[in-house]
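File shown: my_file-v7.txt (compact mmCIF, C-alpha atoms and all ligand atoms).
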```txt
# COMPACT_ATOMS: atom_id res chain seq x y z
CA MET A 1 26.69 -15.89 -18.60
CA GLU A 2 23.23 -17.49 -18.46
CA PRO A 3 21.82 -19.60 -21.29
CA SER A 4 18.50 -18.30 -22.59
CA SER A 5 15.26 -19.48 -21.00
CA ARG A 6 14.42 -21.08 -24.33
CA VAL A 7 17.40 -23.37 -24.07
CA GLN A 8 17.02 -23.96 -20.34
CA GLU A 9 13.61 -25.47 -20.99
CA LEU A 10 15.09 -28.23 -23.10
CA THR A 11 15.01 -31.71 -21.57
CA PRO A 12 18.50 -33.11 -21.20
CA SER A 13 18.94 -36.27 -23.24
CA LEU A 14 17.89 -39.17 -21.05
CA THR A 15 19.69 -41.56 -23.28
CA LEU A 16 22.96 -39.75 -22.88
CA SER A 17 23.94 -41.01 -19.43
CA ILE A 18 23.43 -44.66 -20.31
CA ASP A 19 25.10 -44.15 -23.65
CA SER A 20 28.14 -42.44 -22.14
CA LYS A 21 28.36 -45.13 -19.47
CA ALA A 22 28.24 -47.85 -22.14
CA LYS A 23 30.96 -46.06 -24.11
CA ALA A 24 33.14 -45.66 -21.02
CA MET A 25 32.76 -49.37 -20.23
CA LYS A 26 33.69 -50.26 -23.79
CA ALA A 27 36.72 -47.98 -23.63
CA GLU A 28 37.83 -49.89 -20.52
CA GLY A 29 37.79 -53.03 -22.63
CA GLN A 30 34.54 -54.43 -21.24
CA ASP A 31 32.45 -56.59 -23.53
CA VAL A 32 29.44 -54.29 -23.98
CA ILE A 33 26.74 -55.06 -26.55
CA GLY A 34 25.05 -51.89 -27.79
CA PHE A 35 21.42 -51.87 -28.88
CA GLY A 36 21.19 -48.11 -28.60
CA ALA A 37 22.20 -47.12 -32.13
CA GLY A 38 19.87 -44.84 -34.03
CA GLU A 39 21.88 -45.23 -37.19
CA PRO A 40 22.68 -47.91 -39.77
CA ASP A 41 25.76 -49.99 -39.01
CA PHE A 42 26.51 -50.21 -42.75
CA ASP A 43 28.97 -47.94 -44.52
CA THR A 44 27.69 -45.46 -47.12
CA PRO A 45 27.59 -47.25 -50.51
CA GLU A 46 30.72 -46.76 -52.61
CA HIS A 47 29.11 -45.02 -55.60
CA ILE A 48 27.74 -42.33 -53.28
CA LYS A 49 31.11 -41.75 -51.68
CA ALA A 50 32.77 -41.69 -55.12
CA ALA A 51 30.38 -39.00 -56.35
CA ALA A 52 31.14 -36.79 -53.36
CA MET A 53 34.90 -37.37 -53.67
CA GLY A 54 34.78 -36.68 -57.41
CA SER A 55 33.03 -33.39 -56.77
CA LEU A 56 35.67 -32.42 -54.22
CA ASP A 57 38.41 -33.22 -56.74
CA ALA A 58 36.56 -31.08 -59.27
CA GLY A 59 36.57 -28.15 -56.83
CA PHE A 60 32.89 -28.25 -55.89
CA THR A 61 33.72 -26.65 -52.58
CA LYS A 62 31.89 -23.35 -52.52
CA TYR A 63 28.50 -22.05 -51.39
CA THR A 64 25.53 -23.46 -53.23
CA PRO A 65 22.01 -21.99 -53.31
CA SER A 66 20.72 -22.16 -49.71
CA SER A 67 17.83 -24.40 -50.78
CA GLY A 68 20.19 -26.94 -52.37
CA ILE A 69 21.65 -27.48 -55.83
CA PRO A 70 19.04 -27.41 -58.60
CA GLU A 71 19.89 -30.91 -59.88
CA LEU A 72 19.36 -32.44 -56.42
CA ARG A 73 16.04 -30.64 -55.95
CA ALA A 74 15.01 -31.89 -59.38
CA ALA A 75 16.08 -35.45 -58.51
CA ILE A 76 14.08 -35.28 -55.27
CA SER A 77 11.07 -33.98 -57.16
CA GLU A 78 11.34 -36.92 -59.60
CA LYS A 79 11.77 -39.41 -56.75
CA LEU A 80 8.74 -38.08 -54.87
CA LYS A 81 6.67 -38.39 -58.03
CA ALA A 82 7.90 -41.82 -59.10
CA GLU A 83 8.06 -43.55 -55.70
CA ASN A 84 5.49 -41.70 -53.62
CA GLY A 85 3.02 -40.31 -56.15
CA LEU A 86 3.67 -36.80 -54.83
CA ASP A 87 3.67 -33.71 -57.03
CA TYR A 88 6.22 -31.29 -55.67
CA LYS A 89 8.05 -28.96 -58.05
CA PRO A 90 11.77 -28.46 -57.33
CA SER A 91 10.91 -24.97 -56.05
CA GLN A 92 8.78 -26.60 -53.32
CA ILE A 93 11.68 -28.70 -52.06
CA ILE A 94 14.28 -27.32 -49.66
CA VAL A 95 17.34 -29.42 -48.91
CA ASN A 96 18.41 -29.17 -45.27
CA CYS A 97 21.24 -30.39 -43.04
CA GLY A 98 19.55 -33.70 -42.10
CA ALA A 99 15.90 -34.62 -41.63
CA LYS A 100 16.17 -33.35 -38.06
CA HIS A 101 16.95 -29.91 -39.44
CA SER A 102 14.09 -30.33 -41.92
CA CYS A 103 11.61 -30.98 -39.09
CA PHE A 104 12.94 -28.04 -37.10
CA ASN A 105 12.77 -25.66 -40.07
CA ALA A 106 9.27 -26.89 -40.92
CA MET A 107 8.12 -26.05 -37.39
CA LEU A 108 9.95 -22.73 -37.26
CA ALA A 109 8.36 -21.69 -40.53
CA THR A 110 4.77 -22.56 -39.57
CA LEU A 111 4.23 -22.41 -35.78
CA GLU A 112 3.46 -19.38 -33.62
CA PRO A 113 4.31 -19.12 -29.92
CA GLY A 114 1.53 -20.80 -27.93
CA ASP A 115 0.44 -23.12 -30.75
CA GLU A 116 -0.08 -26.73 -29.71
CA VAL A 117 1.46 -29.63 -31.58
CA ILE A 118 0.04 -33.12 -31.16
CA ILE A 119 2.72 -35.76 -30.81
CA PRO A 120 1.65 -39.41 -30.59
CA ALA A 121 3.70 -41.20 -27.90
CA PRO A 122 6.01 -43.09 -27.99
CA TYR A 123 7.73 -40.48 -30.18
CA TRP A 124 11.13 -39.65 -31.57
CA LEU A 125 12.65 -37.68 -28.74
CA SER A 126 13.59 -34.57 -30.73
CA TYR A 127 10.02 -33.59 -31.69
CA PRO A 128 8.96 -32.15 -28.31
CA GLU A 129 12.22 -30.25 -27.90
CA MET A 130 11.92 -28.70 -31.35
CA VAL A 131 8.34 -27.71 -30.63
CA LYS A 132 9.45 -26.02 -27.41
CA LEU A 133 12.38 -24.30 -29.14
CA VAL A 134 10.03 -22.54 -31.54
CA GLY A 135 7.86 -21.40 -28.62
CA ALA A 136 5.00 -23.84 -29.23
CA GLU A 137 3.73 -26.55 -26.88
CA PRO A 138 3.90 -30.31 -27.32
CA VAL A 139 0.70 -32.22 -26.51
CA PHE A 140 1.39 -35.90 -26.05
CA VAL A 141 -1.16 -38.51 -26.96
CA PRO A 142 -0.31 -41.93 -25.56
CA THR A 143 -0.98 -44.69 -28.08
CA LYS A 144 -1.84 -48.29 -27.28
CA ALA A 145 0.15 -51.43 -28.00
CA GLU A 146 -3.07 -53.08 -29.19
CA ASN A 147 -3.28 -50.37 -31.87
CA ASN A 148 0.34 -51.06 -32.79
CA TYR A 149 1.26 -47.77 -31.11
CA LYS A 150 -0.63 -45.77 -33.74
CA ILE A 151 -2.82 -42.80 -32.89
CA THR A 152 -6.49 -43.23 -33.83
CA PRO A 153 -8.70 -40.49 -35.28
CA ASP A 154 -10.69 -40.40 -32.01
CA GLU A 155 -7.56 -39.98 -29.92
CA PHE A 156 -6.44 -37.21 -32.28
CA ARG A 157 -9.79 -35.43 -32.05
CA ASP A 158 -9.91 -35.75 -28.26
CA ALA A 159 -6.49 -34.12 -27.94
CA MET A 160 -7.44 -31.11 -30.01
CA THR A 161 -8.03 -27.67 -28.51
CA PRO A 162 -8.55 -24.31 -30.20
CA LYS A 163 -4.77 -23.89 -30.01
CA THR A 164 -3.92 -27.04 -31.95
CA LYS A 165 -1.90 -26.15 -35.05
CA MET A 166 -0.05 -29.31 -36.09
CA ILE A 167 0.16 -33.07 -35.72
CA VAL A 168 3.38 -35.02 -36.20
CA ILE A 169 3.04 -38.31 -38.02
CA ASN A 170 6.12 -40.49 -38.27
CA SER A 171 5.62 -43.58 -40.40
CA PRO A 172 7.49 -45.91 -40.30
CA GLY A 173 8.00 -44.83 -36.73
CA ASN A 174 10.89 -44.47 -34.33
CA PRO A 175 10.84 -46.08 -31.75
CA THR A 176 7.80 -48.22 -32.59
CA GLY A 177 8.54 -49.51 -36.10
CA SER A 178 4.83 -49.01 -36.80
CA VAL A 179 3.61 -48.27 -40.31
CA TYR A 180 0.29 -46.50 -40.88
CA THR A 181 -1.95 -47.93 -43.58
CA GLU A 182 -3.61 -45.73 -46.17
CA ASN A 183 -6.93 -46.15 -44.35
CA GLU A 184 -5.48 -45.15 -41.02
CA LEU A 185 -3.86 -42.08 -42.57
CA ALA A 186 -7.12 -41.17 -44.26
CA GLY A 187 -8.91 -41.28 -40.88
CA LEU A 188 -6.33 -38.93 -39.37
CA ALA A 189 -6.34 -36.67 -42.41
CA ASP A 190 -10.12 -36.24 -42.12
CA VAL A 191 -9.71 -34.97 -38.57
CA ALA A 192 -6.90 -32.64 -39.63
CA LEU A 193 -8.99 -31.30 -42.51
CA ASP A 194 -11.94 -30.53 -40.25
CA GLU A 195 -9.88 -28.02 -38.27
CA ASP A 196 -7.12 -27.13 -40.78
CA ILE A 197 -4.43 -28.79 -38.68
CA LEU A 198 -1.01 -28.94 -40.34
CA ILE A 199 0.56 -32.36 -40.74
CA LEU A 200 4.29 -32.83 -40.34
CA SER A 201 4.87 -36.16 -42.06
CA ASP A 202 8.31 -37.50 -41.17
CA GLU A 203 9.02 -40.25 -43.70
CA ILE A 204 12.73 -40.76 -43.05
CA TYR A 205 12.34 -44.55 -42.55
CA GLU A 206 10.14 -44.91 -45.65
CA LYS A 207 12.47 -47.34 -47.44
CA LEU A 208 13.11 -49.52 -44.39
CA ILE A 209 9.93 -51.50 -44.53
CA TYR A 210 9.24 -55.25 -44.26
CA ASP A 211 6.87 -58.02 -45.25
CA ASP A 212 3.90 -56.67 -47.16
CA ALA A 213 3.78 -53.30 -45.37
CA LYS A 214 3.40 -50.39 -47.78
CA HIS A 215 4.53 -46.85 -47.19
CA VAL A 216 1.93 -44.22 -48.00
CA SER A 217 2.73 -40.51 -48.08
CA ILE A 218 -0.20 -38.77 -46.44
CA ALA A 219 0.02 -35.82 -48.84
CA THR A 220 -1.11 -38.13 -51.67
CA LEU A 221 -4.55 -38.54 -50.12
CA SER A 222 -6.10 -35.39 -51.60
CA LYS A 223 -5.22 -31.87 -52.71
CA ASP A 224 -6.58 -30.50 -49.43
CA VAL A 225 -4.41 -32.84 -47.37
CA TYR A 226 -1.43 -31.95 -49.57
CA ASN A 227 -1.99 -28.28 -48.84
CA LEU A 228 -1.79 -28.95 -45.07
CA THR A 229 1.22 -31.26 -45.20
CA LEU A 230 4.95 -30.76 -44.81
CA THR A 231 6.66 -33.91 -46.09
CA VAL A 232 10.07 -34.63 -44.57
CA ASN A 233 12.51 -37.23 -45.84
CA GLY A 234 16.26 -37.64 -46.22
CA PHE A 235 19.31 -39.74 -46.87
CA SER A 236 20.60 -40.74 -43.41
CA LYS A 237 18.69 -43.95 -42.82
CA PRO A 238 18.05 -45.44 -46.30
CA TYR A 239 21.58 -44.84 -47.62
CA ALA A 240 23.55 -45.11 -44.36
CA MET A 241 24.52 -41.43 -44.64
CA THR A 242 23.91 -40.20 -41.10
CA GLY A 243 27.14 -38.22 -40.95
CA TRP A 244 26.51 -36.46 -44.24
CA ARG A 245 23.66 -34.38 -42.79
CA LEU A 246 21.21 -34.21 -45.64
CA GLY A 247 17.44 -34.19 -45.51
CA TYR A 248 14.68 -32.23 -47.16
CA VAL A 249 11.24 -30.81 -46.67
CA ALA A 250 8.65 -30.58 -49.43
CA ALA A 251 5.82 -28.13 -48.82
CA PRO A 252 3.39 -25.76 -50.45
CA GLU A 253 5.23 -22.99 -52.31
CA GLY A 254 4.89 -20.20 -49.71
CA VAL A 255 6.13 -22.32 -46.81
CA ALA A 256 8.98 -23.69 -48.93
CA ARG A 257 10.07 -20.13 -49.71
CA ALA A 258 9.89 -19.25 -46.01
CA ILE A 259 12.07 -22.23 -45.10
CA ASP A 260 14.56 -21.24 -47.76
CA SER A 261 14.65 -17.75 -46.36
CA LEU A 262 15.21 -18.78 -42.75
CA GLN A 263 17.80 -21.33 -43.81
CA SER A 264 19.64 -18.68 -45.83
CA HIS A 265 20.12 -16.74 -42.57
CA SER A 266 21.05 -19.68 -40.36
CA THR A 267 22.95 -22.60 -41.90
CA SER A 268 23.02 -21.40 -45.52
CA ASN A 269 23.31 -24.34 -47.88
CA PRO A 270 23.75 -27.98 -46.92
CA THR A 271 27.36 -29.05 -47.59
CA SER A 272 28.15 -28.76 -51.29
CA PHE A 273 29.89 -32.09 -51.94
CA ALA A 274 27.48 -34.00 -49.67
CA GLN A 275 24.69 -32.87 -52.00
CA LYS A 276 26.55 -34.48 -54.91
CA GLY A 277 26.62 -37.71 -52.91
CA ALA A 278 22.87 -37.45 -52.30
CA LEU A 279 22.31 -36.90 -56.00
CA ALA A 280 24.17 -40.15 -56.72
CA ALA A 281 22.07 -41.88 -54.04
CA TYR A 282 18.83 -41.00 -55.84
CA LYS A 283 20.13 -41.31 -59.40
CA GLY A 284 22.17 -44.49 -58.94
CA SER A 285 21.18 -48.12 -58.47
CA GLN A 286 18.89 -48.84 -55.52
CA ASP A 287 20.38 -52.33 -55.04
CA CYS A 288 22.36 -51.08 -52.03
CA VAL A 289 19.11 -50.14 -50.28
CA LYS A 290 17.56 -53.50 -51.15
CA GLN A 291 20.55 -55.32 -49.67
CA MET A 292 20.45 -53.32 -46.44
CA VAL A 293 16.70 -53.77 -46.10
CA ALA A 294 17.02 -57.53 -46.65
CA GLU A 295 19.61 -57.67 -43.88
CA TYR A 296 17.48 -55.56 -41.50
CA ALA A 297 14.52 -57.83 -42.21
CA LYS A 298 16.56 -60.92 -41.23
CA ARG A 299 17.74 -59.24 -38.06
CA ARG A 300 14.24 -58.13 -37.16
CA ASP A 301 13.07 -61.72 -37.43
CA LEU A 302 16.03 -62.83 -35.34
CA VAL A 303 15.31 -60.31 -32.54
CA CYS A 304 11.60 -61.13 -32.58
CA GLY A 305 12.24 -64.88 -32.52
CA LEU A 306 14.57 -64.52 -29.54
CA LEU A 307 12.11 -62.22 -27.75
CA ASP A 308 9.35 -64.79 -28.29
CA ALA A 309 11.31 -67.13 -26.04
CA ILE A 310 11.29 -64.61 -23.14
CA PRO A 311 7.81 -64.75 -21.60
CA GLN A 312 8.38 -61.66 -19.40
CA LEU A 313 8.83 -59.43 -22.45
CA LYS A 314 6.17 -58.41 -24.95
CA TYR A 315 6.48 -56.49 -28.17
CA VAL A 316 4.56 -55.47 -31.26
CA LYS A 317 6.29 -56.84 -34.35
CA PRO A 318 7.72 -53.81 -36.13
CA GLN A 319 6.94 -53.37 -39.82
CA GLY A 320 9.55 -50.73 -40.51
CA ALA A 321 12.65 -48.81 -39.32
CA PHE A 322 15.21 -50.81 -37.30
CA TYR A 323 13.86 -50.81 -33.76
CA VAL A 324 11.81 -53.13 -31.57
CA LEU A 325 9.94 -51.51 -28.72
CA VAL A 326 9.82 -54.03 -25.90
CA ASP A 327 7.23 -53.91 -23.12
CA ILE A 328 8.99 -54.58 -19.82
CA SER A 329 6.05 -53.95 -17.50
CA ALA A 330 5.95 -57.60 -16.36
CA THR A 331 9.41 -57.16 -14.84
CA GLY A 332 8.12 -54.61 -12.34
CA GLN A 333 10.89 -52.17 -13.25
CA ASN A 334 10.61 -48.80 -14.90
CA SER A 335 12.54 -48.25 -18.10
CA THR A 336 15.47 -46.40 -16.55
CA GLN A 337 15.96 -49.00 -13.81
CA PHE A 338 15.74 -51.76 -16.39
CA ALA A 339 18.26 -50.12 -18.73
CA GLU A 340 20.72 -49.21 -15.96
CA ARG A 341 20.63 -52.63 -14.32
CA LEU A 342 20.86 -54.41 -17.65
CA LEU A 343 23.98 -52.46 -18.45
CA ASP A 344 25.52 -53.06 -15.01
CA LYS A 345 24.70 -56.75 -14.74
CA GLN A 346 24.81 -57.98 -18.33
CA LYS A 347 26.67 -55.23 -20.19
CA VAL A 348 23.88 -54.67 -22.67
CA ALA A 349 22.93 -51.10 -23.61
CA VAL A 350 19.33 -50.31 -24.59
CA VAL A 351 17.41 -47.02 -24.62
CA PRO A 352 14.85 -46.57 -21.81
CA GLY A 353 11.40 -45.84 -23.20
CA ILE A 354 10.96 -42.87 -20.88
CA ALA A 355 13.08 -41.00 -23.43
CA PHE A 356 10.27 -41.60 -25.94
CA GLY A 357 7.44 -40.86 -23.54
CA ASN A 358 6.68 -44.45 -22.49
CA ASP A 359 8.20 -45.73 -19.26
CA GLN A 360 6.98 -49.32 -19.71
CA THR A 361 9.23 -50.01 -22.64
CA ILE A 362 12.82 -50.16 -23.80
CA ARG A 363 14.03 -49.74 -27.37
CA ILE A 364 16.29 -52.31 -29.00
CA SER A 365 17.95 -51.21 -32.23
CA TYR A 366 18.81 -54.00 -34.63
CA ALA A 367 21.19 -51.86 -36.62
CA THR A 368 23.89 -54.22 -35.40
CA SER A 369 25.26 -57.64 -36.33
CA SER A 370 23.28 -60.87 -36.00
CA GLU A 371 26.01 -62.10 -33.67
CA ASN A 372 25.48 -59.14 -31.34
CA ILE A 373 21.73 -59.68 -31.51
CA THR A 374 22.02 -63.35 -30.58
CA ASN A 375 24.46 -62.75 -27.73
CA GLY A 376 22.69 -59.62 -26.48
CA LEU A 377 19.27 -61.26 -26.39
CA LYS A 378 20.75 -64.24 -24.50
CA ARG A 379 22.01 -61.82 -21.89
CA ILE A 380 18.66 -60.03 -21.73
CA ALA A 381 16.95 -63.41 -21.25
CA SER A 382 19.15 -64.26 -18.30
CA PHE A 383 18.75 -60.74 -16.87
CA VAL A 384 14.98 -61.01 -16.99
CA GLY A 385 14.96 -64.59 -15.72
CA ALA A 386 17.32 -63.72 -12.85
C1 LIG B 1 12.02 -40.26 -36.76
C2 LIG B 1 13.29 -39.57 -37.12
N1 LIG B 1 13.24 -38.46 -37.86
C3 LIG B 1 14.35 -37.79 -38.20
C4 LIG B 1 15.59 -38.24 -37.80
C5 LIG B 1 16.79 -37.43 -38.17
O1 LIG B 1 17.47 -37.89 -39.29
P1 LIG B 1 18.72 -37.11 -39.84
O2 LIG B 1 19.93 -37.88 -39.44
O3 LIG B 1 18.53 -37.08 -41.34
O4 LIG B 1 18.73 -35.74 -39.27
C6 LIG B 1 15.70 -39.39 -37.03
C7 LIG B 1 17.02 -39.85 -36.56
O5 LIG B 1 17.15 -40.63 -35.64
C8 LIG B 1 14.52 -40.09 -36.69
O6 LIG B 1 14.56 -41.21 -35.97
```
Encoding of this model in structure tokens:
Amino acid sequence: MEPSSRVQELTPSLTLSIDSKAKAMKAEGQDVIGFGAGEPDFDTPEHIKAAAMGSLDAGFTKYTPSSGIPELRAAISEKLKAENGLDYKPSQIIVNCGAKHSCFNAMLATLEPGDEVIIPAPYWLSYPEMVKLVGAEPVFVPTKAENNYKITPDEFRDAMTPKTKMIVINSPGNPTGSVYTENELAGLADVALDEDILILSDEIYEKLIYDDAKHVSIATLSKDVYNLTLTVNGFSKPYAMTGWRLGYVAAPEGVARAIDSLQSHSTSNPTSFAQKGALAAYKGSQDCVKQMVAEYAKRRDLVCGLLDAIPQLKYVKPQGAFYVLVDISATGQNSTQFAERLLDKQKVAVVPGIAFGNDQTIRISYATSSENITNGLKRIASFVGA
């Protein structure tokens, strides 16, 4: 049996081989330090787990509406209004099985085969594959370190063709940690408005933000921008709920209904009791998020301080998420060589930037302990110095 051509066109995960090698080495008892994690190292806060467990005990174990339980959609609507200044009615919000699923559904519901989707690089590695899966074409726009890896309005305009249908904006960004300012978003929105380009705004790292950086939801900029935007967010990163698989997309009414419809014929509803946990996440105290963010901020400063002492490595100080993108070009190695040799020689696992569309960089995740960061960066320093 042959897999479909659609699936054969997918790029195999470049991170997988290094990751599986790191795991195998760990299983053999080797002292491997992992900077590859794309997920919080914290446990889900207790009150969220308790809400889900309570709902299980109460027998909340059946199908729910495919778009999510009404009280969760209402809570998301309230959150988007209170925290982001966004007006989405509950009927415009569809709860999905993780923000990844939200992005995929958003593309499936709006793109036609042959449409082009602009993806600023470095990018989260699932965007291009999702675009291809729905029959559209990714168009990569390399961004510059001096622009903090953010696409400029001119770069956006230059990449446009008559086939351009969507741009993906991910702020705070993975793997860059970059956060777009309101002004920068306004510049991009103007270009999108000129040609009616849809904006997929992936805001999953919204709450993981440092110093005086401010998260702005692009759909707040004007009614016209709102009408072109699909806002994606979720619970995985802010509440350490990666395994729960809960995200959502908020969109103009017609697109929201379309997403509900396609979801009703694919996954049906997101898991019933997980939704009760998500409800507790939004309704309960936000102290847990504050504590995690404070810890990430300390670790970010630790990584950056240690990187400052390694002259061969450059980086742009991230303002959000939990990654540092490190420029390794001065080492003369490409990102795969660097990552493989680093793992072999120093037992440190990082993600090669080629996976994100930039072969001059590696990604270090600081969703790990300060002790690991200190020891891992020491090893990287001796690897680079060697
Ligand atoms: C930019 C970005 N968007 C979306 C996701 C997916 O999040 P979820 O676990 O909610 O599917 C990730 C996860 O790594 C991500 O980095």
- Enumerate as a PyMOL selection string the residues within 8 Å of ligand LIG 1 (chain B), counting only C-alpha atoms and all ligand atoms. chain A and resi 38-39+97-103+123-124+170+173-175+202-205+233-237+241-243+245-247
- List the neighbours of stretch 184-187 of chain A out to 8 Å using only C-alpha atoms; skip same-chain residues closer than 5 positions along the sequence, and give me the result as a PyMOL selection string. chain A and resi 152-153+218+221
- Non-local contacts of A:Ile119 (10 Å; all atoms listed in the file; under 4 positions in same chain excluded) as a list in words: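 Counting only the stated atoms, we get Tyr123, Trp124, Tyr127, Pro128, Val131, Pro138, Val139, Phe140, Val141, Pro142, Ile151, Phe156, Ala159, Met166, Ile167, Val168, Ile169 and Asn170 of chain A.
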- Rank A:Pro70, A:Pro252, A:Gly85, A:Gly114 by their smallest atom-to-atom distance to A:Thr161, using all atoms listed in the file, and report the top residue only.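 Looking only at the distances to A:Thr161, the closest residue turns out to be A:Gly114.
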- For A:Gln337, which residue among A:Thr181, A:Ile18, A:Ala52, A:Glu9 is the nearest when counting all atoms listed in the file? A:Ile18
- Option closest in space to A:Ala240, from A:Thr361, A:Ser264, A:Gln319, A:Gln291 [counting only C-alpha atoms]: A:Gln291
- Task: Skip A:Leu72 itself and residues of its chain fewer than 2 positions away, then list as a PyMOL selection string all residues within 12 Å of it, counting all atoms listed in the file.
- Result: chain A and resi 64-65+67-70+74-79+89-91+93-96+234+246-248+270+272-283
- Leaving out A:Glu371 and any residue of its chain fewer than 2 positions from it, which residues lie within 12 Å of it when counting all atoms listed in the file, given as a VMD selection string? chain A and resid 33 to 34 299 302 to 303 366 to 369 373 to 378
- Between A:Glu46, A:Glu295, A:Asp260, A:Asp211, single out the one closest to A:Gly320, counting only C-alpha atoms.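 Checking each candidate against A:Gly320, we get A:Asp211 as the closest.
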- Message: Restricting the calculation to only C-alpha atoms: of A:Ser335, A:Gln263, A:Thr229, A:Thr44, which residue gets closest to A:Phe104?
- Response: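 Of all the options, A:Gln263 lies closest to A:Phe104.
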Work out where the centre of an axis-aligned box around every listed atom of stretch 80-83 of chain A lies and how long its edges are once 4 Å is added on each side; give both in Å to one decimal as JSON.
```
{"center_x": 7.7, "center_y": -40.8, "center_z": -57.0, "size_x": 10.1, "size_y": 13.5, "size_z": 12.2}
```
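For the choices A:Ala109, A:Val225, A:Ala213, A:Lys163, the atom-to-atom distance to A:Asp190 is smallest for A:Val225 when using only C-alpha atoms.
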- Task: For atom CA of A:Val7 and atom CA of A:Ile118, quote the distance in Å rounded to one decimal.
- Result: 21.1 Å
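Going from atom CA of A:Leu313 to atom CA of A:Val384 covers 8.4 Å.
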- Take atom CA of A:Gly332 and atom CA of A:Asp31 and report the distance between them in Å, one decimal. 26.9 Å
As a compact mmCIF listing (two decimals), keeping the file's coordinate frame, please: stretch 230-242 of chain A completed to N, CA, C and O atoms.
```txt
# COMPACT_ATOMS: atom_id res chain seq x y z
N LEU A 230 3.52 -30.97 -44.58
CA LEU A 230 4.95 -30.76 -44.81
C LEU A 230 5.57 -32.15 -44.83
O LEU A 230 5.53 -32.86 -43.82
N THR A 231 6.10 -32.56 -45.96
CA THR A 231 6.66 -33.91 -46.09
C THR A 231 8.17 -33.84 -45.88
O THR A 231 8.87 -33.10 -46.58
N VAL A 232 8.63 -34.62 -44.88
CA VAL A 232 10.07 -34.63 -44.57
C VAL A 232 10.65 -36.00 -44.93
O VAL A 232 10.04 -37.04 -44.68
N ASN A 233 11.82 -35.97 -45.52
CA ASN A 233 12.51 -37.23 -45.84
C ASN A 233 14.01 -36.91 -45.89
O ASN A 233 14.41 -35.77 -45.64
N GLY A 234 14.83 -37.90 -46.21
CA GLY A 234 16.26 -37.64 -46.22
C GLY A 234 17.08 -38.85 -46.59
O GLY A 234 16.53 -39.87 -47.03
N PHE A 235 18.37 -38.74 -46.36
CA PHE A 235 19.31 -39.74 -46.87
C PHE A 235 19.96 -40.58 -45.77
O PHE A 235 20.54 -41.63 -46.04
N SER A 236 19.85 -40.10 -44.51
CA SER A 236 20.60 -40.74 -43.41
C SER A 236 20.31 -42.22 -43.26
O SER A 236 21.24 -43.03 -43.22
N LYS A 237 19.03 -42.56 -43.16
CA LYS A 237 18.69 -43.95 -42.82
C LYS A 237 18.70 -44.86 -44.05
O LYS A 237 19.28 -45.94 -43.98
N PRO A 238 18.08 -44.48 -45.17
CA PRO A 238 18.05 -45.44 -46.30
C PRO A 238 19.42 -45.68 -46.92
O PRO A 238 19.66 -46.77 -47.43
N TYR A 239 20.29 -44.68 -46.92
CA TYR A 239 21.58 -44.84 -47.62
C TYR A 239 22.75 -44.85 -46.64
O TYR A 239 23.89 -44.66 -47.06
N ALA A 240 22.48 -45.07 -45.37
CA ALA A 240 23.55 -45.11 -44.36
C ALA A 240 24.43 -43.86 -44.47
O ALA A 240 25.65 -43.93 -44.59
N MET A 241 23.79 -42.70 -44.45
CA MET A 241 24.52 -41.43 -44.64
C MET A 241 24.30 -40.49 -43.45
O MET A 241 24.20 -39.27 -43.62
N THR A 242 24.25 -41.04 -42.25
CA THR A 242 23.91 -40.20 -41.10
C THR A 242 24.87 -39.03 -40.91
O THR A 242 24.47 -37.94 -40.53
```
